[in-house]
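Novice: Handing over upload37.tsv, TSV, C-alpha atoms and all ligand atoms.
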chain	number	residue	atom	x	y	z
N	1	MET	CA	-8.17	-84.17	-10.83
N	2	ALA	CA	-6.62	-85.89	-13.87
N	3	ALA	CA	-5.73	-83.55	-16.76
N	4	SER	CA	-8.04	-85.43	-19.14
N	5	GLU	CA	-11.04	-85.39	-16.81
N	6	PRO	CA	-13.44	-82.55	-17.70
N	7	ARG	CA	-13.59	-79.87	-15.04
N	8	PRO	CA	-17.00	-78.82	-13.74
N	9	ARG	CA	-18.22	-75.84	-15.68
N	10	VAL	CA	-18.36	-72.48	-13.95
N	11	ASP	CA	-21.83	-71.14	-14.75
N	12	ARG	CA	-21.17	-67.71	-16.24
N	13	LEU	CA	-22.82	-68.14	-19.63
N	14	GLU	CA	-25.00	-65.27	-20.74
N	15	PRO	CA	-28.52	-66.60	-21.18
N	16	MET	CA	-29.45	-67.53	-24.74
N	17	THR	CA	-26.01	-66.96	-26.28
N	18	THR	CA	-25.75	-68.75	-29.61
N	19	TYR	CA	-22.24	-69.44	-30.81
N	20	GLY	CA	-21.48	-69.77	-34.51
N	21	ILE	CA	-18.25	-71.44	-35.56
N	22	LEU	CA	-16.58	-70.84	-38.92
N	23	GLY	CA	-14.09	-73.66	-39.58
N	24	VAL	CA	-14.72	-76.97	-37.88
N	25	GLY	CA	-11.20	-78.30	-37.40
N	26	SER	CA	-9.11	-79.32	-34.39
N	27	ILE	CA	-9.48	-76.21	-32.26
N	28	ALA	CA	-13.19	-75.78	-33.04
N	29	SER	CA	-13.82	-79.38	-31.99
N	30	ALA	CA	-12.00	-78.76	-28.71
N	31	ILE	CA	-14.07	-75.62	-28.05
N	32	VAL	CA	-17.36	-77.40	-28.80
N	33	THR	CA	-16.37	-80.32	-26.57
N	34	GLY	CA	-15.44	-78.00	-23.71
N	35	LEU	CA	-18.69	-76.06	-23.99
N	36	CYS	CA	-20.90	-79.15	-24.20
N	37	ASP	CA	-19.31	-82.28	-22.75
N	38	GLY	CA	-21.17	-83.14	-19.54
N	39	VAL	CA	-22.90	-79.74	-19.49
N	40	SER	CA	-26.66	-79.91	-18.96
N	41	ASP	CA	-27.39	-76.35	-20.18
N	42	ALA	CA	-24.85	-76.21	-23.00
N	43	PRO	CA	-25.19	-73.23	-25.36
N	44	GLU	CA	-26.63	-73.44	-28.85
N	45	ILE	CA	-23.77	-73.88	-31.31
N	46	VAL	CA	-24.07	-73.59	-35.09
N	47	LEU	CA	-21.26	-75.09	-37.17
N	48	SER	CA	-20.12	-74.24	-40.68
N	49	PRO	CA	-20.86	-77.02	-43.19
N	50	ARG	CA	-17.39	-77.65	-44.62
N	51	ASN	CA	-15.66	-80.69	-43.08
N	52	ALA	CA	-19.10	-82.30	-42.90
N	53	ASP	CA	-18.02	-85.52	-41.19
N	54	ARG	CA	-16.47	-83.74	-38.24
N	55	ALA	CA	-19.40	-81.32	-37.93
N	56	ALA	CA	-21.89	-84.20	-38.12
N	57	ALA	CA	-20.01	-86.13	-35.44
N	58	LEU	CA	-20.15	-83.14	-33.07
N	59	ALA	CA	-23.82	-82.49	-33.86
N	60	SER	CA	-24.72	-86.12	-33.18
N	61	THR	CA	-22.74	-86.17	-29.92
N	62	PHE	CA	-24.06	-82.91	-28.43
N	63	PRO	CA	-27.79	-82.07	-28.67
N	64	SER	CA	-27.29	-78.28	-28.66
N	65	VAL	CA	-24.99	-78.42	-31.71
N	66	ARG	CA	-26.22	-78.27	-35.30
N	67	THR	CA	-24.69	-77.70	-38.72
N	68	ALA	CA	-25.81	-74.85	-40.98
N	69	THR	CA	-26.04	-75.11	-44.74
N	70	THR	CA	-23.81	-72.09	-45.47
N	71	ASN	CA	-21.28	-69.91	-43.64
N	72	GLN	CA	-23.70	-66.97	-43.92
N	73	ALA	CA	-26.37	-69.05	-42.17
N	74	VAL	CA	-23.87	-69.63	-39.33
N	75	VAL	CA	-23.33	-65.88	-38.96
N	76	ASP	CA	-27.04	-65.06	-39.23
N	77	ALA	CA	-27.97	-67.53	-36.48
N	78	SER	CA	-25.25	-66.43	-34.03
N	79	ASP	CA	-24.71	-63.84	-31.33
N	80	VAL	CA	-21.01	-64.65	-31.02
N	81	VAL	CA	-19.06	-65.77	-34.09
N	82	LEU	CA	-15.89	-67.80	-33.49
N	83	VAL	CA	-13.43	-67.71	-36.37
N	84	CYS	CA	-11.49	-70.99	-36.43
N	85	VAL	CA	-10.21	-71.29	-40.00
N	86	LEU	CA	-6.52	-71.28	-40.94
N	87	PRO	CA	-4.78	-67.90	-41.30
N	88	GLU	CA	-4.54	-68.15	-45.07
N	89	GLN	CA	-8.26	-69.04	-45.32
N	90	ALA	CA	-9.58	-66.30	-43.02
N	91	PRO	CA	-9.64	-63.24	-45.35
N	92	GLU	CA	-11.45	-65.09	-48.13
N	93	VAL	CA	-13.93	-66.76	-45.74
N	94	LEU	CA	-14.78	-63.53	-43.88
N	95	ARG	CA	-14.82	-61.19	-46.89
N	96	GLY	CA	-17.80	-62.99	-48.34
N	97	LEU	CA	-19.95	-62.73	-45.20
N	98	ALA	CA	-22.36	-60.03	-43.97
N	99	PHE	CA	-22.04	-59.21	-40.26
N	100	ARG	CA	-24.34	-57.13	-38.07
N	101	ALA	CA	-23.19	-54.29	-35.78
N	102	ASP	CA	-24.34	-56.29	-32.75
N	103	HIS	CA	-22.32	-59.38	-33.67
N	104	ARG	CA	-19.55	-60.23	-31.28
N	105	VAL	CA	-16.54	-61.85	-32.91
N	106	VAL	CA	-13.83	-63.95	-31.30
N	107	SER	CA	-10.99	-65.04	-33.56
N	108	ALA	CA	-8.64	-67.95	-32.90
N	109	VAL	CA	-6.68	-67.22	-36.07
N	110	ALA	CA	-3.01	-66.80	-35.28
N	111	GLY	CA	-1.43	-63.89	-37.11
N	112	LEU	CA	-4.60	-62.06	-38.18
N	113	PRO	CA	-4.20	-58.56	-36.64
N	114	LEU	CA	-7.14	-56.93	-34.90
N	115	GLY	CA	-7.32	-54.10	-37.44
N	116	ASP	CA	-7.54	-56.52	-40.38
N	117	LEU	CA	-10.10	-58.63	-38.54
N	118	ALA	CA	-12.21	-55.56	-37.73
N	119	ALA	CA	-12.24	-54.52	-41.39
N	120	LEU	CA	-13.31	-58.02	-42.45
N	121	VAL	CA	-16.21	-58.29	-39.96
N	122	ALA	CA	-17.45	-54.65	-40.13
N	123	PRO	CA	-19.81	-53.33	-38.88
N	124	ALA	CA	-19.34	-55.67	-35.88
N	125	GLN	CA	-17.83	-53.69	-33.02
N	126	GLU	CA	-16.98	-56.14	-30.23
N	127	ILE	CA	-14.03	-58.03	-31.62
N	128	ALA	CA	-11.27	-60.01	-29.93
N	129	ARG	CA	-8.33	-62.23	-30.74
N	130	SER	CA	-7.58	-65.35	-28.70
N	131	ILE	CA	-5.11	-68.23	-28.48
N	132	PRO	CA	-7.03	-71.31	-27.35
N	133	LEU	CA	-5.12	-74.54	-26.81
N	134	MET	CA	-6.48	-78.06	-26.93
N	135	ALA	CA	-6.94	-78.06	-23.12
N	136	VAL	CA	-10.15	-76.07	-23.66
N	137	ALA	CA	-11.74	-79.44	-24.47
N	138	THR	CA	-11.50	-80.36	-20.79
N	139	ARG	CA	-12.15	-76.79	-19.57
N	140	GLY	CA	-8.55	-76.63	-18.43
N	141	GLY	CA	-7.25	-74.03	-20.88
N	142	THR	CA	-5.65	-70.69	-20.02
N	143	THR	CA	-6.57	-68.61	-23.06
N	144	PRO	CA	-4.96	-65.23	-23.82
N	145	VAL	CA	-7.47	-62.71	-25.19
N	146	PHE	CA	-6.93	-59.26	-26.70
N	147	PRO	CA	-8.76	-57.08	-26.08
N	148	ALA	CA	-10.61	-58.58	-23.11
N	149	THR	CA	-14.12	-58.20	-24.56
N	150	PRO	CA	-17.05	-59.52	-22.51
N	151	SER	CA	-17.84	-62.24	-25.06
N	152	ALA	CA	-14.23	-63.47	-25.25
N	153	THR	CA	-13.68	-63.53	-21.49
N	154	THR	CA	-17.05	-65.21	-20.87
N	155	LEU	CA	-16.28	-67.88	-23.45
N	156	TYR	CA	-12.82	-68.71	-22.22
N	157	ASP	CA	-13.76	-68.54	-18.54
N	158	LEU	CA	-16.25	-71.28	-19.39
N	159	LEU	CA	-13.40	-73.22	-21.00
N	160	GLY	CA	-10.92	-72.68	-18.16
N	161	THR	CA	-9.50	-69.20	-17.60
N	162	SER	CA	-9.15	-66.16	-19.83
N	163	LEU	CA	-5.82	-64.33	-19.67
N	164	HIS	CA	-6.29	-60.61	-20.35
N	165	VAL	CA	-3.47	-59.10	-22.41
N	166	ASP	CA	-2.91	-55.33	-22.52
N	167	THR	CA	-1.35	-54.76	-25.94
N	168	GLU	CA	-1.42	-56.46	-29.30
N	169	ALA	CA	2.40	-56.63	-29.38
N	170	THR	CA	2.37	-58.66	-26.16
N	171	PHE	CA	-0.47	-60.80	-27.49
N	172	ASP	CA	1.64	-61.55	-30.59
N	173	ALA	CA	4.56	-62.49	-28.32
N	174	ILE	CA	2.26	-65.06	-26.68
N	175	VAL	CA	1.31	-66.35	-30.13
N	176	GLY	CA	5.05	-66.82	-30.64
N	177	ALA	CA	5.49	-68.57	-27.29
N	178	SER	CA	2.62	-70.94	-28.11
N	179	ALA	CA	4.60	-72.06	-31.16
N	180	THR	CA	7.15	-73.80	-28.92
N	181	VAL	CA	5.07	-76.92	-28.22
N	182	ALA	CA	6.22	-79.00	-31.21
N	183	ALA	CA	9.86	-78.29	-30.23
N	184	TYR	CA	9.10	-79.48	-26.70
N	185	PHE	CA	7.83	-82.82	-28.00
N	186	ASP	CA	10.80	-83.02	-30.34
N	187	TYR	CA	13.05	-82.60	-27.27
N	188	LEU	CA	11.26	-85.45	-25.48
N	189	GLY	CA	11.48	-87.53	-28.66
N	190	THR	CA	15.24	-86.94	-28.81
N	191	ILE	CA	15.66	-88.18	-25.24
N	192	THR	CA	13.49	-91.21	-26.06
N	193	ALA	CA	15.48	-92.07	-29.19
N	194	TRP	CA	18.76	-91.70	-27.27
N	195	LEU	CA	17.51	-94.14	-24.62
N	196	ALA	CA	16.36	-96.59	-27.29
N	197	ASP	CA	19.81	-96.35	-28.96
N	198	ARG	CA	21.29	-97.45	-25.62
N	199	GLY	CA	19.17	-100.56	-25.36
N	200	LEU	CA	15.87	-99.61	-23.72
N	201	ALA	CA	13.04	-101.15	-25.76
N	202	PRO	CA	11.37	-98.38	-27.80
N	203	GLY	CA	8.04	-99.46	-26.31
N	204	ASP	CA	9.43	-98.71	-22.86
N	205	ALA	CA	11.52	-95.63	-23.66
N	206	GLY	CA	8.62	-93.40	-24.77
N	207	PRO	CA	6.35	-94.19	-21.82
N	208	TYR	CA	9.29	-93.77	-19.43
N	209	VAL	CA	10.12	-90.30	-20.74
N	210	ALA	CA	6.43	-89.37	-20.85
N	211	ALA	CA	5.97	-90.51	-17.25
N	212	THR	CA	9.04	-88.57	-16.13
N	213	PHE	CA	7.69	-85.31	-17.52
N	214	ALA	CA	4.02	-86.02	-16.69
N	215	SER	CA	5.05	-86.40	-13.05
N	216	LEU	CA	6.04	-82.72	-13.11
N	217	THR	CA	2.51	-81.57	-13.96
N	218	ASP	CA	1.62	-80.71	-10.38
N	219	GLU	CA	4.63	-78.42	-10.13
N	220	LEU	CA	3.40	-76.59	-13.25
N	221	SER	CA	-0.17	-76.29	-11.99
N	222	ARG	CA	0.59	-73.90	-9.14
N	223	PRO	CA	-0.50	-70.32	-9.84
N	224	GLU	CA	2.78	-68.90	-8.51
N	225	VAL	CA	4.95	-71.02	-10.83
N	226	ASP	CA	8.59	-69.90	-10.79
N	227	PHE	CA	10.75	-71.69	-13.37
N	228	GLY	CA	14.01	-70.52	-11.82
N	229	ALA	CA	13.00	-71.98	-8.46
N	230	LEU	CA	11.83	-75.20	-10.10
N	231	ALA	CA	15.12	-75.56	-11.95
N	232	GLN	CA	16.97	-75.03	-8.70
N	233	ALA	CA	14.76	-77.53	-6.88
N	234	HIS	CA	15.73	-80.15	-9.47
N	235	THR	CA	19.44	-79.29	-9.33
N	236	THR	CA	21.89	-80.88	-6.93
N	237	PRO	CA	25.11	-78.81	-6.81
N	238	GLY	CA	27.68	-80.73	-8.83
N	239	GLY	CA	24.98	-83.19	-9.92
N	240	LEU	CA	23.75	-84.52	-13.24
N	241	ASN	CA	20.88	-82.06	-13.81
N	242	GLU	CA	23.28	-79.19	-13.23
N	243	GLN	CA	25.76	-80.62	-15.74
N	244	PHE	CA	23.14	-81.17	-18.46
N	245	ALA	CA	21.60	-77.69	-18.08
N	246	ARG	CA	25.09	-76.13	-18.23
N	247	ASP	CA	26.01	-78.15	-21.32
N	248	LEU	CA	22.88	-76.95	-23.13
N	249	ARG	CA	23.45	-73.32	-22.15
N	250	GLN	CA	27.08	-73.50	-23.27
N	251	ALA	CA	25.96	-75.02	-26.57
N	252	GLY	CA	23.84	-71.91	-27.12
N	253	ILE	CA	20.42	-73.51	-26.65
N	254	THR	CA	19.09	-70.65	-24.51
N	255	ASP	CA	20.17	-68.08	-27.10
N	256	ALA	CA	18.75	-70.23	-29.90
N	257	VAL	CA	15.36	-70.36	-28.14
N	258	ARG	CA	15.33	-66.57	-27.79
N	259	ARG	CA	16.41	-66.05	-31.41
N	260	GLY	CA	13.75	-68.49	-32.62
N	261	LEU	CA	11.08	-66.67	-30.60
N	262	ASP	CA	12.26	-63.31	-32.00
N	263	ARG	CA	11.89	-64.68	-35.52
N	264	ILE	CA	8.42	-66.06	-34.79
N	265	HIS	CA	7.38	-62.73	-33.22
N	266	ALA	CA	8.61	-60.82	-36.26
N	267	ARG	CA	6.69	-63.19	-38.53
N	268	VAL	CA	3.49	-62.85	-36.49
N	269	ARG	CA	3.83	-59.04	-36.46
N	270	GLY	CA	4.21	-59.10	-40.27
H	1	LIG	N1	-4.94	-76.28	-33.24
H	1	LIG	C1	-4.49	-75.48	-32.28
H	1	LIG	O1	-3.99	-75.95	-31.23
H	1	LIG	C2	-4.64	-73.98	-32.40
H	1	LIG	C3	-5.14	-73.36	-33.53
H	1	LIG	N2	-5.27	-72.00	-33.60
H	1	LIG	C4	-5.80	-71.34	-34.77
H	1	LIG	O2	-7.08	-71.85	-35.03
H	1	LIG	C5	-7.30	-71.87	-36.42
H	1	LIG	C6	-7.75	-73.26	-36.81
H	1	LIG	O3	-6.70	-74.17	-36.49
H	1	LIG	P1	-6.97	-75.74	-36.53
H	1	LIG	O4	-8.29	-76.02	-35.91
H	1	LIG	O5	-5.76	-76.37	-35.98
H	1	LIG	O6	-7.03	-75.95	-38.12
H	1	LIG	P2	-7.80	-77.06	-38.94
H	1	LIG	O7	-7.16	-77.12	-40.29
H	1	LIG	O8	-7.93	-78.30	-38.13
H	1	LIG	O9	-9.26	-76.42	-39.09
H	1	LIG	C7	-9.58	-75.43	-40.02
H	1	LIG	C8	-10.93	-75.80	-40.58
H	1	LIG	O10	-11.43	-74.75	-41.39
H	1	LIG	C9	-12.10	-75.35	-42.47
H	1	LIG	N3	-12.32	-74.44	-43.57
H	1	LIG	C10	-11.48	-74.14	-44.60
H	1	LIG	N4	-12.09	-73.27	-45.45
H	1	LIG	C11	-13.31	-73.04	-44.96
H	1	LIG	C12	-14.41	-72.28	-45.39
H	1	LIG	N5	-14.38	-71.57	-46.52
H	1	LIG	N6	-15.53	-72.28	-44.64
H	1	LIG	C13	-15.61	-73.00	-43.50
H	1	LIG	N7	-14.61	-73.76	-43.05
H	1	LIG	C14	-13.47	-73.78	-43.76
H	1	LIG	C15	-11.20	-76.49	-42.83
H	1	LIG	O11	-11.84	-77.42	-43.67
H	1	LIG	P3	-10.95	-78.36	-44.64
H	1	LIG	O12	-10.26	-79.34	-43.74
H	1	LIG	O13	-11.96	-78.97	-45.54
H	1	LIG	O14	-9.99	-77.44	-45.35
H	1	LIG	C16	-10.89	-77.05	-41.45
H	1	LIG	O15	-11.91	-77.92	-41.02
H	1	LIG	C17	-6.00	-71.44	-37.10
H	1	LIG	O16	-6.11	-70.12	-37.56
H	1	LIG	C18	-4.95	-71.54	-36.02
H	1	LIG	O17	-4.01	-70.51	-36.15
H	1	LIG	C19	-4.97	-71.21	-32.51
H	1	LIG	C20	-4.49	-71.77	-31.37
H	1	LIG	C21	-4.22	-73.18	-31.24
Mind turning the file's structure into structure tokens?
Specialist:
Amino acid sequence: MAASEPRPRVDRLEPMTTYGILGVGSIASAIVTGLCDGVSDAPEIVLSPRNADRAAALASTFPSVRTATTNQAVVDASDVVLVCVLPEQAPEVLRGLAFRADHRVVSAVAGLPLGDLAALVAPAQEIARSIPLMAVATRGGTTPVFPATPSATTLYDLLGTSLHVDTEATFDAIVGASATVAAYFDYLGTITAWLADRGLAPGDAGPYVAATFASLTDELSRPEVDFGALAQAHTTPGGLNEQFARDLRQAGITDAVRRGLDRIHARVRG
């Protein structure tokens, strides 16, 4: 199945769950799309009013989606509240809202610790952090959740697979690891620019590099993925892949990646 083709939904939705979403940006749009696109019994979803154009576009595309007039109206109408605002916006947005004890809260906000989140949404008890990626739009996301509350695991199993994480420190390490995507594209961009500098038309260089790495997707899709074995499988002794990997290691790239991750982890842990 192509990566962009929506997967069939696994039917594990609790009956009558209404999702409320605070912050209708990129990740919220992906979640709404994954919950609703091609789904005949999509859940009711209530969107916060800010970013009205994006909310209106989702509401007009999916019949079970509507926009509330205030953030409090989103919370009042919802069983499960998804927090999808930016980290710096979250305390102010949540502080002004009244939650019920039976509200379930799932936060996508990177860097907002569970304890701080719990204080902001009190008296709600069932609270989880999560790291959704854009693949949730096609129900192909693997989403780390901490703790693995029923509402968080149900939601992300509908959107692909939930990954249950045991401690908040490990969860924050995954937040750090998820910050490596821009660097990955920068790496591919560097290879593309280098090829263009050596005469390949820029319009051909990008698609060539993209196709080279896209062709590896199947190898990444296996549940028992082993990066050491994959590296070995792509290495001929004395060959070009071996030389390039050695050059990068000797230049300190591996250590730089670890140091960068350490710095991100420290930042996420505050
Ligand atoms: N994008 C991603 O791949 C991932 C994102 N996340 C997390 O998800 C969260 C959202 O990220 P992302 O979707 O990329 O960010 P966006 O900036 O795209 O979305 C945030 C949205 O929140 C809205 N907003 C701001 N203030 C309020 C408010 N008072 N009430 C209601 N809505 C408000 C913003 O509106 P406006 O534009 O008008 O300011 C914007 O639409 C972040 O905390 C991020 O850490 C986590 C994993 C992956």
Novice: Dump as a list in words all residues having an atom at most 9 Å from (-20.1, -75.1, -24.2), computed in the file's coordinates with only C-alpha atoms.
Specialist: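 Looking at atoms near the point gives Arg9, Leu13, Tyr19, Ile31, Val32, Thr33, Gly34, Leu35, Cys36, Asp37, Val39, Asp41, Ala42, Pro43, Glu44, Ile45, Leu155, Leu158 and Leu159 of chain N.
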Novice: CA of Met134 (chain N) and atom O1 of ligand LIG 1 (chain H), how far apart in Å?
Specialist: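 Spanning atom O1 of ligand LIG 1 (chain H) to CA of Met134 (chain N) is a straight-line distance of 5.4 Å.
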Novice: Kindly work out which residues sit at most 7 Å from ligand LIG 1 (chain H), using all atoms listed in the file, and give the list as number ranges by chain.
Specialist: N: 22-28, 48-51, 71, 84-87, 89, 93, 108-110, 131-134
Novice: Calculate how many Å separate CA of Pro147 (chain N) from CA of Ala183 (chain N), rounding to one decimal.
Specialist: 28.5 Å
Novice: Find the residues near Ala30 (chain N): any atom within 8 Å, counting all atoms listed in the file, skip ones fewer than 5 places away on the same chain, and give them as a compact mmCIF listing (two decimals) with C-alpha atoms, keeping the file's coordinate frame.
Specialist:
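Saved the output as part-v1.txt:
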# COMPACT_ATOMS: atom_id res chain seq x y z
CA MET N 134 -6.48 -78.06 -26.93
CA ALA N 135 -6.94 -78.06 -23.12
CA VAL N 136 -10.15 -76.07 -23.66
CA ALA N 137 -11.74 -79.44 -24.47
Novice: Quick check, in Å to one decimal: how far apart do CA of Ala210 (chain N) and CA of Thr192 (chain N) lie?
Specialist: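 These two atoms are separated by 9.0 Å.
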Novice: Excluding Thr142 (chain N) and any residue of its chain fewer than 6 positions from it, enumerate the residues within 7 Å of it, using all atoms listed in the file, and give them as an mmCIF file with C-alpha atoms, in the frame of the given file.
Specialist:
data_model
loop_
_atom_site.group_PDB
_atom_site.id
_atom_site.type_symbol
_atom_site.label_atom_id
_atom_site.label_comp_id
_atom_site.auth_asym_id
_atom_site.auth_seq_id
_atom_site.Cartn_x
_atom_site.Cartn_y
_atom_site.Cartn_z
ATOM 1 C CA GLY N 160 -10.920 -72.680 -18.160
ATOM 2 C CA THR N 161 -9.500 -69.200 -17.600
ATOM 3 C CA SER N 162 -9.150 -66.160 -19.830
ATOM 4 C CA LEU N 163 -5.820 -64.330 -19.670
#
Novice: Could you check which of N:Ala233, N:Ala52, N:Val209, N:Gly111 is closest to Ala196 (chain N), using only C-alpha atoms?
Specialist: N:Val209
Novice: Residues at most 9 Å from Phe171 (chain N), counting all atoms listed in the file, excluding those fewer than 5 positions away in the same chain, as a list in words?
Specialist: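 Near Phe171 (chain N), the qualifying residues are Arg129, Ser130, Ile131, Pro144, Val145, Phe146, Val165, Asp166 and Gly176 of chain N.
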Novice: Report, as JSON, the axis-aligned box around all atoms of region 159-171 of chain N present in the file, extended by 5 Å on each side; give centre and edge lengths in Å to one decimal place.
Specialist:
{"center_x": -5.5, "center_y": -64.0, "center_z": -23.5, "size_x": 25.8, "size_y": 28.5, "size_z": 21.8}
